[in-house]
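Listing of upload-v6.cif; format and content: mmCIF, C-alpha atoms.
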```cif
data_entry
loop_
_atom_site.label_atom_id
_atom_site.label_comp_id
_atom_site.auth_asym_id
_atom_site.auth_seq_id
_atom_site.Cartn_x
_atom_site.Cartn_y
_atom_site.Cartn_z
CA MET Y 797 -7.22 -14.72 -6.57
CA ARG Y 798 -4.98 -14.05 -3.60
CA LYS Y 799 -6.23 -12.39 -0.43
CA VAL Y 800 -5.28 -8.73 -0.12
CA TYR Y 801 -4.49 -6.91 3.13
CA VAL Y 802 -3.90 -3.30 4.11
CA VAL Y 803 -0.80 -3.28 6.31
CA GLY Y 804 0.13 0.39 6.37
CA VAL Y 805 -1.60 3.76 6.06
CA GLY Y 806 -0.48 7.38 5.87
CA MET Y 807 -2.32 10.68 5.60
CA THR Y 808 -1.61 14.38 5.50
CA LYS Y 809 -3.81 16.99 7.11
CA VAL Y 810 -6.46 18.14 4.66
CA GLY Y 811 -6.48 21.87 3.97
CA LYS Y 812 -4.65 24.48 1.95
CA HIS Y 813 -1.14 23.36 1.00
CA THR Y 814 0.03 25.96 -1.51
CA GLU Y 815 3.41 26.06 0.21
CA VAL Y 816 4.28 22.52 -0.92
CA SER Y 817 4.21 20.82 -4.31
CA MET Y 818 1.97 17.91 -5.22
CA ARG Y 819 4.97 15.58 -5.15
CA ASP Y 820 5.89 16.75 -1.64
CA LEU Y 821 2.36 16.26 -0.39
CA ALA Y 822 2.19 12.72 -1.81
CA ALA Y 823 5.65 11.89 -0.47
CA GLU Y 824 4.58 12.84 3.06
CA ALA Y 825 1.64 10.41 2.97
CA ILE Y 826 3.85 7.72 1.42
CA SER Y 827 6.51 8.18 4.09
CA ASN Y 828 3.90 7.78 6.83
CA ALA Y 829 2.58 4.58 5.26
CA LEU Y 830 6.06 3.13 4.71
CA ASP Y 831 6.95 3.84 8.33
CA GLU Y 832 4.24 1.37 9.36
CA VAL Y 833 5.80 -1.45 7.33
CA GLY Y 834 9.43 -0.88 8.27
CA ASN Y 835 10.08 0.98 5.00
CA GLU Y 836 9.62 -2.20 2.95
CA LYS Y 837 9.90 -1.06 -0.67
CA PRO Y 838 6.76 -1.70 -2.74
CA GLU Y 839 6.93 -3.24 -6.19
CA ALA Y 840 4.37 -0.88 -7.71
CA ILE Y 841 2.64 2.42 -7.05
CA VAL Y 842 -0.86 3.45 -8.13
CA VAL Y 843 -1.72 7.15 -8.00
CA GLY Y 844 -5.31 8.36 -7.82
CA ASN Y 845 -5.76 11.91 -9.10
CA MET Y 846 -8.26 13.94 -11.10
CA LEU Y 847 -6.81 17.35 -11.95
CA SER Y 848 -3.01 17.13 -11.91
CA SER Y 849 -2.74 18.48 -15.47
CA LEU Y 850 -4.67 21.58 -14.40
CA VAL Y 851 -2.45 22.17 -11.37
CA GLU Y 852 1.04 20.91 -12.20
CA GLN Y 853 1.65 18.13 -14.72
CA GLU Y 854 0.90 14.62 -15.90
CA ASN Y 855 3.14 11.52 -15.66
CA LEU Y 856 2.32 11.73 -11.98
CA ALA Y 857 3.22 8.16 -10.99
CA ALA Y 858 6.81 8.55 -12.20
CA LEU Y 859 7.11 11.99 -10.62
CA ILE Y 860 5.86 10.86 -7.21
CA ALA Y 861 7.65 7.51 -7.15
CA ASP Y 862 10.97 9.14 -7.98
CA HIS Y 863 10.47 11.91 -5.43
CA ALA Y 864 9.59 9.34 -2.74
CA GLY Y 865 12.78 7.35 -3.40
CA LEU Y 866 10.98 4.55 -5.25
CA ARG Y 867 12.66 4.82 -8.65
CA GLY Y 868 12.49 1.62 -10.69
CA ILE Y 869 9.13 0.26 -9.52
CA CYS Y 870 6.00 -0.10 -11.66
CA GLY Y 871 3.89 3.08 -11.67
CA LEU Y 872 0.58 4.24 -13.06
CA LYS Y 873 -2.00 6.96 -12.52
CA VAL Y 874 -5.75 6.28 -12.61
CA GLU Y 875 -8.67 8.68 -12.87
CA GLY Y 876 -12.34 8.34 -12.03
CA ALA Y 877 -13.32 11.97 -11.45
CA CYS Y 878 -14.05 12.61 -7.75
CA GLY Y 879 -13.88 8.82 -7.29
CA SER Y 880 -10.27 8.54 -8.49
CA GLY Y 881 -9.04 7.40 -5.07
CA GLY Y 882 -11.49 4.51 -4.97
CA VAL Y 883 -10.51 3.46 -8.50
CA ALA Y 884 -6.85 3.56 -7.40
CA VAL Y 885 -7.64 1.25 -4.46
CA LEU Y 886 -9.46 -1.14 -6.80
CA THR Y 887 -6.50 -1.10 -9.21
CA GLY Y 888 -4.00 -1.79 -6.45
CA TYR Y 889 -6.20 -4.58 -5.14
CA LEU Y 890 -6.34 -6.25 -8.55
CA MET Y 891 -2.56 -6.04 -8.95
CA VAL Y 892 -2.01 -7.92 -5.70
CA ALA Y 893 -4.97 -10.31 -5.97
CA SER Y 894 -3.87 -11.38 -9.45
CA GLY Y 895 -0.42 -12.32 -8.17
CA LEU Y 896 1.31 -9.92 -10.57
CA TYR Y 897 2.74 -7.98 -7.60
CA SER Y 898 2.89 -8.79 -3.91
CA LYS Y 899 3.44 -5.29 -2.47
CA VAL Y 900 1.59 -2.29 -3.95
CA LEU Y 901 1.41 1.26 -2.64
CA VAL Y 902 -1.76 3.19 -3.43
CA VAL Y 903 -1.61 6.96 -3.02
CA GLY Y 904 -4.30 9.55 -3.70
CA VAL Y 905 -3.29 13.18 -4.04
CA GLU Y 906 -5.01 16.38 -5.09
CA LYS Y 907 -4.43 20.13 -4.91
CA LEU Y 908 -7.61 22.08 -5.56
CA LEU Y 909 -6.51 25.32 -3.93
CA GLU Y 910 -3.47 25.91 -6.15
CA ARG Y 911 -5.42 27.69 -8.90
CA PRO Y 912 -8.11 30.40 -8.88
CA THR Y 913 -11.46 28.99 -7.75
CA PRO Y 914 -13.21 29.46 -11.15
CA ASP Y 915 -10.49 27.37 -12.84
CA THR Y 916 -10.83 24.61 -10.26
CA LEU Y 917 -14.63 24.58 -10.46
CA ARG Y 918 -14.41 24.38 -14.25
CA GLY Y 919 -12.12 21.37 -13.95
CA LEU Y 920 -14.40 19.65 -11.44
CA ALA Y 921 -17.41 20.29 -13.69
CA TYR Y 922 -15.88 18.00 -16.33
CA ALA Y 923 -16.90 15.10 -14.09
CA ALA Y 924 -20.35 15.73 -15.56
CA ASP Y 925 -21.18 15.46 -19.27
CA ALA Y 926 -19.37 18.23 -21.14
CA ASP Y 927 -21.40 17.77 -24.34
CA TYR Y 928 -24.90 17.49 -22.88
CA GLU Y 929 -24.80 19.38 -19.57
CA LEU Y 930 -21.94 21.85 -19.27
CA ILE Y 931 -22.79 23.62 -22.53
CA TYR Y 932 -25.86 25.00 -20.74
CA GLY Y 933 -23.71 26.57 -18.03
CA VAL Y 934 -24.82 24.30 -15.22
CA SER Y 935 -22.35 23.90 -12.37
CA PHE Y 936 -21.54 20.71 -10.46
CA ALA Y 937 -23.42 22.16 -7.48
CA GLY Y 938 -26.31 22.96 -9.80
CA LEU Y 939 -26.64 19.34 -10.90
CA ASN Y 940 -26.72 18.16 -7.29
CA ALA Y 941 -29.25 20.90 -6.53
CA LEU Y 942 -31.58 19.44 -9.18
CA ILE Y 943 -31.44 16.08 -7.41
CA MET Y 944 -31.94 17.69 -4.00
CA ARG Y 945 -35.02 19.64 -5.18
CA TYR Y 946 -36.51 16.51 -6.75
CA TYR Y 947 -35.78 14.40 -3.65
CA MET Y 948 -37.28 16.94 -1.23
CA SER Y 949 -40.42 17.21 -3.32
CA LYS Y 950 -40.92 13.48 -3.92
CA TYR Y 951 -40.43 12.41 -0.31
CA ASN Y 952 -41.64 15.57 1.45
CA VAL Y 953 -38.26 15.96 3.17
CA LYS Y 954 -37.80 19.11 5.20
CA ARG Y 955 -34.87 21.43 4.62
CA GLU Y 956 -34.07 21.32 8.34
CA GLU Y 957 -33.81 17.53 8.31
CA LEU Y 958 -31.25 17.54 5.52
CA ALA Y 959 -29.24 20.36 7.13
CA LEU Y 960 -28.68 18.34 10.31
CA TRP Y 961 -26.24 16.13 8.37
CA SER Y 962 -23.70 18.95 8.22
CA VAL Y 963 -24.11 19.61 11.94
CA MET Y 964 -23.36 15.95 12.71
CA MET Y 965 -20.36 15.86 10.39
CA HIS Y 966 -18.78 18.88 12.05
CA GLN Y 967 -19.35 17.30 15.47
CA ASN Y 968 -17.29 14.34 14.28
CA GLY Y 969 -14.70 16.31 12.34
CA VAL Y 970 -13.81 18.67 15.20
CA LYS Y 971 -12.08 15.69 16.85
CA ASN Y 972 -10.18 14.59 13.73
CA PRO Y 973 -6.66 16.08 13.60
CA TYR Y 974 -6.54 15.48 9.83
CA ALA Y 975 -9.77 17.40 9.13
CA GLN Y 976 -9.90 20.68 7.25
CA LEU Y 977 -12.94 22.20 8.99
CA ARG Y 978 -12.55 21.52 12.71
CA ASN Y 979 -15.37 23.65 14.05
CA GLU Y 980 -18.83 22.79 15.31
CA ILE Y 981 -21.80 24.46 13.60
CA THR Y 982 -25.49 24.85 14.37
CA LEU Y 983 -28.59 24.15 12.33
CA GLU Y 984 -29.03 27.90 11.92
CA THR Y 985 -25.49 28.17 10.52
CA VAL Y 986 -26.42 25.79 7.70
CA LEU Y 987 -29.85 27.27 6.99
CA ASN Y 988 -28.59 30.86 6.95
CA SER Y 989 -25.42 30.27 4.92
CA PRO Y 990 -25.24 31.73 1.39
CA VAL Y 991 -27.08 29.99 -1.42
CA VAL Y 992 -24.74 28.14 -3.79
CA ALA Y 993 -27.34 26.56 -6.08
CA ASP Y 994 -30.84 26.61 -4.60
CA PRO Y 995 -31.65 24.64 -2.44
CA ILE Y 996 -27.97 23.90 -1.74
CA ARG Y 997 -26.35 26.37 0.62
CA LEU Y 998 -22.68 26.82 1.45
CA TYR Y 999 -22.77 24.56 4.50
CA ASP Y 1000 -24.50 21.79 2.55
CA ALA Y 1001 -21.32 21.46 0.50
CA CYS Y 1002 -17.86 20.11 1.25
CA PRO Y 1003 -14.90 22.51 0.92
CA LEU Y 1004 -12.27 22.62 -1.80
CA SER Y 1005 -9.23 20.82 -0.41
CA ASP Y 1006 -5.61 19.79 -0.80
CA GLY Y 1007 -4.41 16.49 0.64
CA ALA Y 1008 -2.77 13.11 0.17
CA ALA Y 1009 -3.34 9.65 1.62
CA ALA Y 1010 -1.61 6.31 1.08
CA ILE Y 1011 -2.27 2.66 1.85
CA TYR Y 1012 0.13 -0.28 1.53
CA LEU Y 1013 -1.42 -3.45 0.05
CA THR Y 1014 0.03 -6.92 0.20
CA ASN Y 1015 -0.90 -10.61 0.06
CA GLU Y 1016 -1.13 -13.24 2.79
CA ASP Y 1017 2.60 -14.00 2.51
CA TRP Y 1018 3.51 -10.44 3.43
CA LYS Y 1019 0.80 -9.57 5.93
CA LYS Y 1020 3.48 -10.15 8.59
CA LEU Y 1021 4.59 -6.59 7.79
CA SER Y 1022 1.90 -5.56 10.27
CA ASP Y 1023 0.65 -6.86 13.61
CA THR Y 1024 -2.83 -5.68 12.65
CA PRO Y 1025 -3.41 -6.47 8.96
CA VAL Y 1026 -6.88 -5.58 7.66
CA LEU Y 1027 -8.44 -7.76 4.96
CA ILE Y 1028 -10.05 -6.25 1.89
CA ALA Y 1029 -12.98 -8.65 1.91
CA GLY Y 1030 -14.84 -7.18 -1.03
CA VAL Y 1031 -14.41 -4.48 -3.65
CA SER Y 1032 -16.46 -3.40 -6.64
CA ASN Y 1033 -16.86 -0.53 -9.08
CA ALA Y 1034 -19.90 0.39 -11.15
CA VAL Y 1035 -20.62 3.21 -13.58
CA ASP Y 1036 -23.73 5.10 -14.64
CA SER Y 1037 -24.41 7.74 -17.29
CA PRO Y 1038 -22.51 10.96 -16.59
CA ASP Y 1039 -25.55 13.06 -17.60
CA LEU Y 1040 -28.61 13.16 -15.34
CA SER Y 1041 -31.10 13.13 -18.22
CA SER Y 1042 -30.14 9.54 -19.07
CA ARG Y 1043 -30.53 8.17 -15.53
CA PHE Y 1044 -33.04 5.46 -14.66
CA SER Y 1045 -33.91 7.46 -11.56
CA LEU Y 1046 -32.88 10.71 -9.86
CA ASP Y 1047 -33.61 9.56 -6.31
CA GLU Y 1048 -31.18 6.59 -6.38
CA LEU Y 1049 -27.52 6.28 -7.31
CA PHE Y 1050 -27.64 3.23 -9.56
CA ALA Y 1051 -23.85 2.74 -9.54
CA SER Y 1052 -23.76 3.16 -5.77
CA ARG Y 1053 -26.32 0.41 -5.28
CA LEU Y 1054 -24.64 -1.98 -7.73
CA SER Y 1055 -21.11 -1.50 -6.42
CA ALA Y 1056 -22.30 -1.94 -2.82
CA GLU Y 1057 -24.30 -5.07 -3.64
CA ASN Y 1058 -21.39 -6.61 -5.55
CA ALA Y 1059 -18.80 -5.78 -2.88
CA LEU Y 1060 -21.03 -7.15 -0.10
CA ARG Y 1061 -21.67 -10.32 -2.11
CA MET Y 1062 -17.95 -10.78 -2.68
CA ALA Y 1063 -17.30 -10.34 1.05
CA LYS Y 1064 -20.20 -12.66 1.95
CA LEU Y 1065 -21.61 -9.91 4.16
CA SER Y 1066 -24.80 -7.86 4.41
CA VAL Y 1067 -25.27 -4.19 5.25
CA LYS Y 1068 -26.36 -5.30 8.74
CA ASP Y 1069 -22.81 -6.58 9.35
CA VAL Y 1070 -21.21 -3.16 8.79
CA ASP Y 1071 -20.10 -1.42 11.99
CA VAL Y 1072 -18.55 1.71 10.51
CA ALA Y 1073 -18.66 3.36 7.09
CA GLU Y 1074 -17.09 6.30 5.33
CA ILE Y 1075 -19.42 7.51 2.58
CA HIS Y 1076 -19.14 10.25 -0.02
CA ASP Y 1077 -21.06 13.28 1.31
CA ALA Y 1078 -19.90 15.95 -1.14
CA TYR Y 1079 -23.33 17.51 -0.54
CA THR Y 1080 -26.01 16.70 2.02
CA ILE Y 1081 -28.16 15.26 -0.76
CA THR Y 1082 -25.28 12.96 -1.76
CA ALA Y 1083 -25.21 11.62 1.79
CA ALA Y 1084 -28.96 10.92 1.73
CA VAL Y 1085 -29.12 9.11 -1.61
CA SER Y 1086 -25.85 7.25 -0.88
CA LEU Y 1087 -27.13 5.90 2.44
CA GLU Y 1088 -30.31 4.77 0.73
CA SER Y 1089 -28.59 3.33 -2.34
CA ILE Y 1090 -26.15 1.32 -0.21
CA GLY Y 1091 -29.03 -0.02 1.87
CA PHE Y 1092 -28.47 1.72 5.20
CA ALA Y 1093 -31.85 3.48 4.91
CA GLU Y 1094 -35.12 3.11 3.01
CA LYS Y 1095 -35.75 5.43 0.07
CA GLY Y 1096 -36.66 8.91 1.24
CA LYS Y 1097 -35.93 8.09 4.90
CA ALA Y 1098 -32.22 8.84 5.39
CA ALA Y 1099 -32.62 12.48 6.48
CA LYS Y 1100 -35.40 11.58 8.89
CA LEU Y 1101 -33.23 8.85 10.41
CA TRP Y 1102 -30.22 11.08 11.00
CA SER Y 1103 -32.44 13.87 12.32
CA GLU Y 1104 -33.65 11.34 14.90
CA GLY Y 1105 -30.06 10.51 15.93
CA ARG Y 1106 -29.17 7.56 13.73
CA PHE Y 1107 -25.66 7.03 12.28
CA LYS Y 1108 -23.93 8.94 15.10
CA PRO Y 1109 -20.94 7.43 16.99
CA GLY Y 1110 -22.17 4.40 18.89
CA ASP Y 1111 -24.87 3.53 16.36
CA LYS Y 1112 -24.56 0.57 13.98
CA PRO Y 1113 -23.42 1.57 11.51
CA THR Y 1114 -21.60 4.70 12.57
CA ILE Y 1115 -21.28 6.86 9.46
CA ASN Y 1116 -18.31 9.15 8.76
CA PRO Y 1117 -16.68 9.36 12.18
CA SER Y 1118 -13.91 11.24 10.34
CA GLY Y 1119 -16.32 14.08 9.65
CA GLY Y 1120 -16.71 12.95 6.06
CA LEU Y 1121 -16.07 15.10 3.03
CA LYS Y 1122 -18.10 17.86 4.70
CA SER Y 1123 -15.67 18.37 7.60
CA ARG Y 1124 -12.55 16.33 6.83
CA GLY Y 1125 -12.50 17.83 3.34
CA HIS Y 1126 -12.50 16.51 -0.21
CA PRO Y 1127 -9.17 16.49 -2.07
CA VAL Y 1128 -10.98 14.70 -4.86
CA GLY Y 1129 -8.38 12.24 -6.16
CA ALA Y 1130 -7.34 11.36 -2.62
CA THR Y 1131 -10.73 11.03 -0.92
CA GLY Y 1132 -11.25 7.34 -1.66
CA VAL Y 1133 -7.84 6.52 -0.22
CA TYR Y 1134 -8.51 8.65 2.88
CA GLN Y 1135 -11.72 6.70 3.42
CA VAL Y 1136 -9.96 3.32 3.33
CA ALA Y 1137 -7.12 4.55 5.56
CA GLU Y 1138 -9.63 5.91 8.08
CA VAL Y 1139 -11.67 2.71 8.23
CA VAL Y 1140 -8.51 0.61 8.52
CA MET Y 1141 -7.52 2.71 11.55
CA GLN Y 1142 -11.01 2.26 13.00
CA LEU Y 1143 -10.69 -1.52 12.68
CA ARG Y 1144 -7.19 -1.44 14.19
CA GLY Y 1145 -8.42 0.77 17.03
CA ASP Y 1146 -5.95 3.62 16.46
CA PHE Y 1147 -7.91 6.32 14.63
CA PRO Y 1148 -6.99 9.58 16.41
CA GLY Y 1149 -10.46 11.15 16.17
CA VAL Y 1150 -13.87 9.65 16.94
CA LEU Y 1151 -13.14 5.94 17.49
CA VAL Y 1152 -15.89 3.32 17.35
CA PRO Y 1153 -15.67 -0.43 18.09
CA ALA Y 1154 -15.70 -2.16 14.72
CA GLU Y 1155 -15.01 -5.50 13.07
CA VAL Y 1156 -16.39 -4.70 9.60
CA GLY Y 1157 -16.09 -1.42 7.71
CA LEU Y 1158 -17.32 -0.08 4.38
CA THR Y 1159 -16.14 2.78 2.20
CA GLN Y 1160 -17.84 4.23 -0.83
CA ASN Y 1161 -16.21 6.81 -3.12
CA VAL Y 1162 -18.35 8.55 -5.75
CA GLY Y 1163 -17.15 10.10 -9.00
CA GLY Y 1164 -19.26 12.66 -10.81
CA VAL Y 1165 -22.89 12.91 -9.73
CA GLY Y 1166 -22.87 9.16 -9.02
CA SER Y 1167 -21.48 8.06 -12.38
CA ASN Y 1168 -18.37 6.18 -11.15
CA VAL Y 1169 -18.63 4.49 -7.75
CA THR Y 1170 -16.25 2.19 -5.86
CA THR Y 1171 -17.22 0.31 -2.70
CA VAL Y 1172 -14.70 -1.43 -0.44
CA LEU Y 1173 -15.47 -3.87 2.40
CA LEU Y 1174 -12.80 -4.19 5.09
CA LYS Y 1175 -12.60 -6.80 7.82
CA ARG Y 1176 -10.38 -7.11 10.87
#
```
Target encoding structure tokens, full file:
Amino acid sequence: MRKVYVVGVGMTKVGKHTEVSMRDLAAEAISNALDEVGNEKPEAIVVGNMLSSLVEQENLAALIADHAGLRGICGLKVEGACGSGGVAVLTGYLMVASGLYSKVLVVGVEKLLERPTPDTLRGLAYAADADYELIYGVSFAGLNALIMRYYMSKYNVKREELALWSVMMHQNGVKNPYAQLRNEITLETVLNSPVVADPIRLYDACPLSDGAAAIYLTNEDWKKLSDTPVLIAGVSNAVDSPDLSSRFSLDELFASRLSAENALRMAKLSVKDVDVAEIHDAYTITAAVSLESIGFAEKGKAAKLWSEGRFKPGDKPTINPSGGLKSRGHPVGATGVYQVAEVVMQLRGDFPGVLVPAEVGLTQNVGGVGSNVTTVLLKR
């Protein structure tokens, strides 16, 4: 296996982009990434996306590659629900590490605000089990609400403690020029926001988003394309049952724990080595169980830790200096690529928002309610 480096990144601002097509949005991120490597043409492109057939069309890799002036290269689209971006990064990594290709562009793109909200929510719900869950009319928020209610009851976690996560994320996101929600909020804002699926309220949830992000992967022979190449030291994906009723436990994300353990083992690192991490906080409860499943907090203790000031900029690890999904936004097929691009910029020292000193970074992208999880370890 060859070593794999990230030598270029590109992102678009997350938000509502109904004025541009999906191909235009992806091409903007690609152009920004190619600018960092002197426009060196990649040999392959991997596109992470979940709902392109709902919004525009399939055959997305060919469409985007051609529109970006990359006709003739290898192209494929991958899907892993809300974790499609992470699966795309893993796929690109394997293509370079295997020696099949030496220069691979990974792009994640999604447009969730193109269609009426009920259509989009119906599409997102298919990340759960259509046969055993959706037939009962449960929403994606409803499934996360079941976990949140169980977690609060089992560990006697206060509603106010959980709500402080959103406050912290907005404090970080207000400084991120790529973020969708760049406004600070108060604890009262979260607690008094409309109920989405009790106990989840509006400000416990990330927004619907459009966006695209790209990273340029290469091997040790081509890392000279950048003065600050960042090594992908470890990467792993794990899956769990899509339906909650088949889970071993509701207070742990089994796939999150396994993918983190395997990626850390591959990188020969421990969670104590991680300086900065971008995790998948689609809901406040997702943040809590993700932090605990990765190993950054004991079971049932994550909310108490962040309510006491842990995980803020300057702490080790600093979590989601981008503002996370809650503030940066969650263009589902692109989120995993945004996370890697953001951590790469943290390690290079050029992230334009909250910047923390870091040598080792971690990203974790979650598909479904924890059923498809990719963890990436990055090292300067």
ask   = If you measure from atom CA of Y:Pro1113 to atom CA of Y:Gly1145, what distance in Å do you get, rounded to one decimal?
value =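 Rounded to one decimal, the two atoms are 16.0 Å apart.
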request  = Find the residues around Y:Ala923 up to 9 Å (only C-alpha atoms counted), leave out those fewer than 6 positions away in its own chain, and share them as a ChimeraX atom specification.
outcome  = /Y:876-878,936,1038,1163-1165,1167
ask   = In Å, how far is it from atom CA of Y:Met807 to atom CA of Y:Gly895?
value = 26.9 Å
query = So which residues get picked by the PyMOL selection byres ((chain Y and resi 810-823) around 9) here, written as a VMD selection string?
reply = chain Y and resid 807 to 809 824 to 828 848 851 to 852 856 859 to 861 863 to 865 903 to 910 974 to 977 1003 to 1010 1124 to 1127
Using only C-alpha atoms: which of Y:Glu980, Y:Asp1071, Y:Glu854, Y:Glu1057 has the shortest distance to Y:Asp1111 = Y:Asp1071
ask   = Distance atom CA of Y:Gly804-atom CA of Y:Leu830, one decimal place?
value =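 These two atoms are separated by 6.7 Å.
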request  = Find, counting only C-alpha atoms, the residue in Y:Asp1077, Y:Asp1146, Y:Glu1155, Y:Glu1138 that gets nearest to Y:Gly1120.
outcome  =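 Of Y:Asp1077, Y:Asp1146, Y:Glu1155, Y:Glu1138, the one nearest Y:Gly1120, counting only C-alpha atoms, is Y:Asp1077.
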Skip stretch 937-946 of chain Y itself and residues of its chain fewer than 5 positions away, then list as a PDB file with C-alpha atoms, in the coordinates of the input all residues within 12 Å of it, counting only C-alpha atoms.
```
ATOM      1  CA  LEU Y 917     -14.630  24.580 -10.460  1.00  0.00           C
ATOM      2  CA  ARG Y 918     -14.410  24.380 -14.250  1.00  0.00           C
ATOM      3  CA  LEU Y 920     -14.400  19.650 -11.440  1.00  0.00           C
ATOM      4  CA  ALA Y 921     -17.410  20.290 -13.690  1.00  0.00           C
ATOM      5  CA  ALA Y 923     -16.900  15.100 -14.090  1.00  0.00           C
ATOM      6  CA  ALA Y 924     -20.350  15.730 -15.560  1.00  0.00           C
ATOM      7  CA  ASP Y 925     -21.180  15.460 -19.270  1.00  0.00           C
ATOM      8  CA  GLU Y 929     -24.800  19.380 -19.570  1.00  0.00           C
ATOM      9  CA  LEU Y 930     -21.940  21.850 -19.270  1.00  0.00           C
ATOM     10  CA  TYR Y 932     -25.860  25.000 -20.740  1.00  0.00           C
ATOM     11  CA  TYR Y 951     -40.430  12.410  -0.310  1.00  0.00           C
ATOM     12  CA  ASN Y 952     -41.640  15.570   1.450  1.00  0.00           C
ATOM     13  CA  VAL Y 953     -38.260  15.960   3.170  1.00  0.00           C
ATOM     14  CA  LYS Y 954     -37.800  19.110   5.200  1.00  0.00           C
ATOM     15  CA  ARG Y 955     -34.870  21.430   4.620  1.00  0.00           C
ATOM     16  CA  LEU Y 958     -31.250  17.540   5.520  1.00  0.00           C
ATOM     17  CA  ALA Y 959     -29.240  20.360   7.130  1.00  0.00           C
ATOM     18  CA  VAL Y 991     -27.080  29.990  -1.420  1.00  0.00           C
ATOM     19  CA  VAL Y 992     -24.740  28.140  -3.790  1.00  0.00           C
ATOM     20  CA  ALA Y 993     -27.340  26.560  -6.080  1.00  0.00           C
ATOM     21  CA  ASP Y 994     -30.840  26.610  -4.600  1.00  0.00           C
ATOM     22  CA  PRO Y 995     -31.650  24.640  -2.440  1.00  0.00           C
ATOM     23  CA  ILE Y 996     -27.970  23.900  -1.740  1.00  0.00           C
ATOM     24  CA  ARG Y 997     -26.350  26.370   0.620  1.00  0.00           C
ATOM     25  CA  LEU Y 998     -22.680  26.820   1.450  1.00  0.00           C
ATOM     26  CA  ASP Y1000     -24.500  21.790   2.550  1.00  0.00           C
ATOM     27  CA  ALA Y1001     -21.320  21.460   0.500  1.00  0.00           C
ATOM     28  CA  CYS Y1002     -17.860  20.110   1.250  1.00  0.00           C
ATOM     29  CA  PRO Y1003     -14.900  22.510   0.920  1.00  0.00           C
ATOM     30  CA  PRO Y1038     -22.510  10.960 -16.590  1.00  0.00           C
ATOM     31  CA  ASP Y1039     -25.550  13.060 -17.600  1.00  0.00           C
ATOM     32  CA  LEU Y1040     -28.610  13.160 -15.340  1.00  0.00           C
ATOM     33  CA  SER Y1041     -31.100  13.130 -18.220  1.00  0.00           C
ATOM     34  CA  ARG Y1043     -30.530   8.170 -15.530  1.00  0.00           C
ATOM     35  CA  SER Y1045     -33.910   7.460 -11.560  1.00  0.00           C
ATOM     36  CA  LEU Y1046     -32.880  10.710  -9.860  1.00  0.00           C
ATOM     37  CA  ASP Y1047     -33.610   9.560  -6.310  1.00  0.00           C
ATOM     38  CA  GLU Y1048     -31.180   6.590  -6.380  1.00  0.00           C
ATOM     39  CA  LEU Y1049     -27.520   6.280  -7.310  1.00  0.00           C
ATOM     40  CA  ASP Y1077     -21.060  13.280   1.310  1.00  0.00           C
ATOM     41  CA  ALA Y1078     -19.900  15.950  -1.140  1.00  0.00           C
ATOM     42  CA  TYR Y1079     -23.330  17.510  -0.540  1.00  0.00           C
ATOM     43  CA  THR Y1080     -26.010  16.700   2.020  1.00  0.00           C
ATOM     44  CA  ILE Y1081     -28.160  15.260  -0.760  1.00  0.00           C
ATOM     45  CA  THR Y1082     -25.280  12.960  -1.760  1.00  0.00           C
ATOM     46  CA  ALA Y1083     -25.210  11.620   1.790  1.00  0.00           C
ATOM     47  CA  ALA Y1084     -28.960  10.920   1.730  1.00  0.00           C
ATOM     48  CA  VAL Y1085     -29.120   9.110  -1.610  1.00  0.00           C
ATOM     49  CA  GLY Y1096     -36.660   8.910   1.240  1.00  0.00           C
ATOM     50  CA  ALA Y1099     -32.620  12.480   6.480  1.00  0.00           C
ATOM     51  CA  GLY Y1164     -19.260  12.660 -10.810  1.00  0.00           C
ATOM     52  CA  VAL Y1165     -22.890  12.910  -9.730  1.00  0.00           C
ATOM     53  CA  GLY Y1166     -22.870   9.160  -9.020  1.00  0.00           C
TER      54      GLY Y1166
END
```
ask   = Y:Val1031: which residues within 8 Å, counting only C-alpha atoms, same-chain residues fewer than 3 positions away excluded, as a ChimeraX atom specification?
value = /Y:886,1028,1055,1058-1060,1062,1170-1173
For the selection just defined, write its residues with C-alpha atoms to a file, as a PDB file, keeping the file's coordinate frame.
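Output file again09.pdb follows:
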```
ATOM      1  CA  LEU Y 886      -9.460  -1.140  -6.800  1.00  0.00           C
ATOM      2  CA  ILE Y1028     -10.050  -6.250   1.890  1.00  0.00           C
ATOM      3  CA  SER Y1055     -21.110  -1.500  -6.420  1.00  0.00           C
ATOM      4  CA  ASN Y1058     -21.390  -6.610  -5.550  1.00  0.00           C
ATOM      5  CA  ALA Y1059     -18.800  -5.780  -2.880  1.00  0.00           C
ATOM      6  CA  LEU Y1060     -21.030  -7.150  -0.100  1.00  0.00           C
ATOM      7  CA  MET Y1062     -17.950 -10.780  -2.680  1.00  0.00           C
ATOM      8  CA  THR Y1170     -16.250   2.190  -5.860  1.00  0.00           C
ATOM      9  CA  THR Y1171     -17.220   0.310  -2.700  1.00  0.00           C
ATOM     10  CA  VAL Y1172     -14.700  -1.430  -0.440  1.00  0.00           C
ATOM     11  CA  LEU Y1173     -15.470  -3.870   2.400  1.00  0.00           C
TER      12      LEU Y1173
END
```
request  = Apply the PyMOL selection byres ((chain Y and resi 1012) around 10) to the file shown and report the selected residues as a PyMOL selection string.
outcome  = chain Y and resi 801-806+826+829-830+832-833+836+838+841+885+888+899-903+1010-1011+1013-1014+1021+1137
request  = Might you spell out which residues the PyMOL selection byres ((chain Y and resi 892) around 9) would select in the displayed file, as a ChimeraX atom specification?
outcome  = /Y:797-800,887-891,893-900,1013-1015
inquiry  = For a cutoff of 8 Å around the file-coordinate point (-32.7, 22.7, 11.0), which residues qualify once you count only C-alpha atoms? I'd like the result as a ChimeraX atom specification.
reply    = /Y:955-960,983-984,986-987
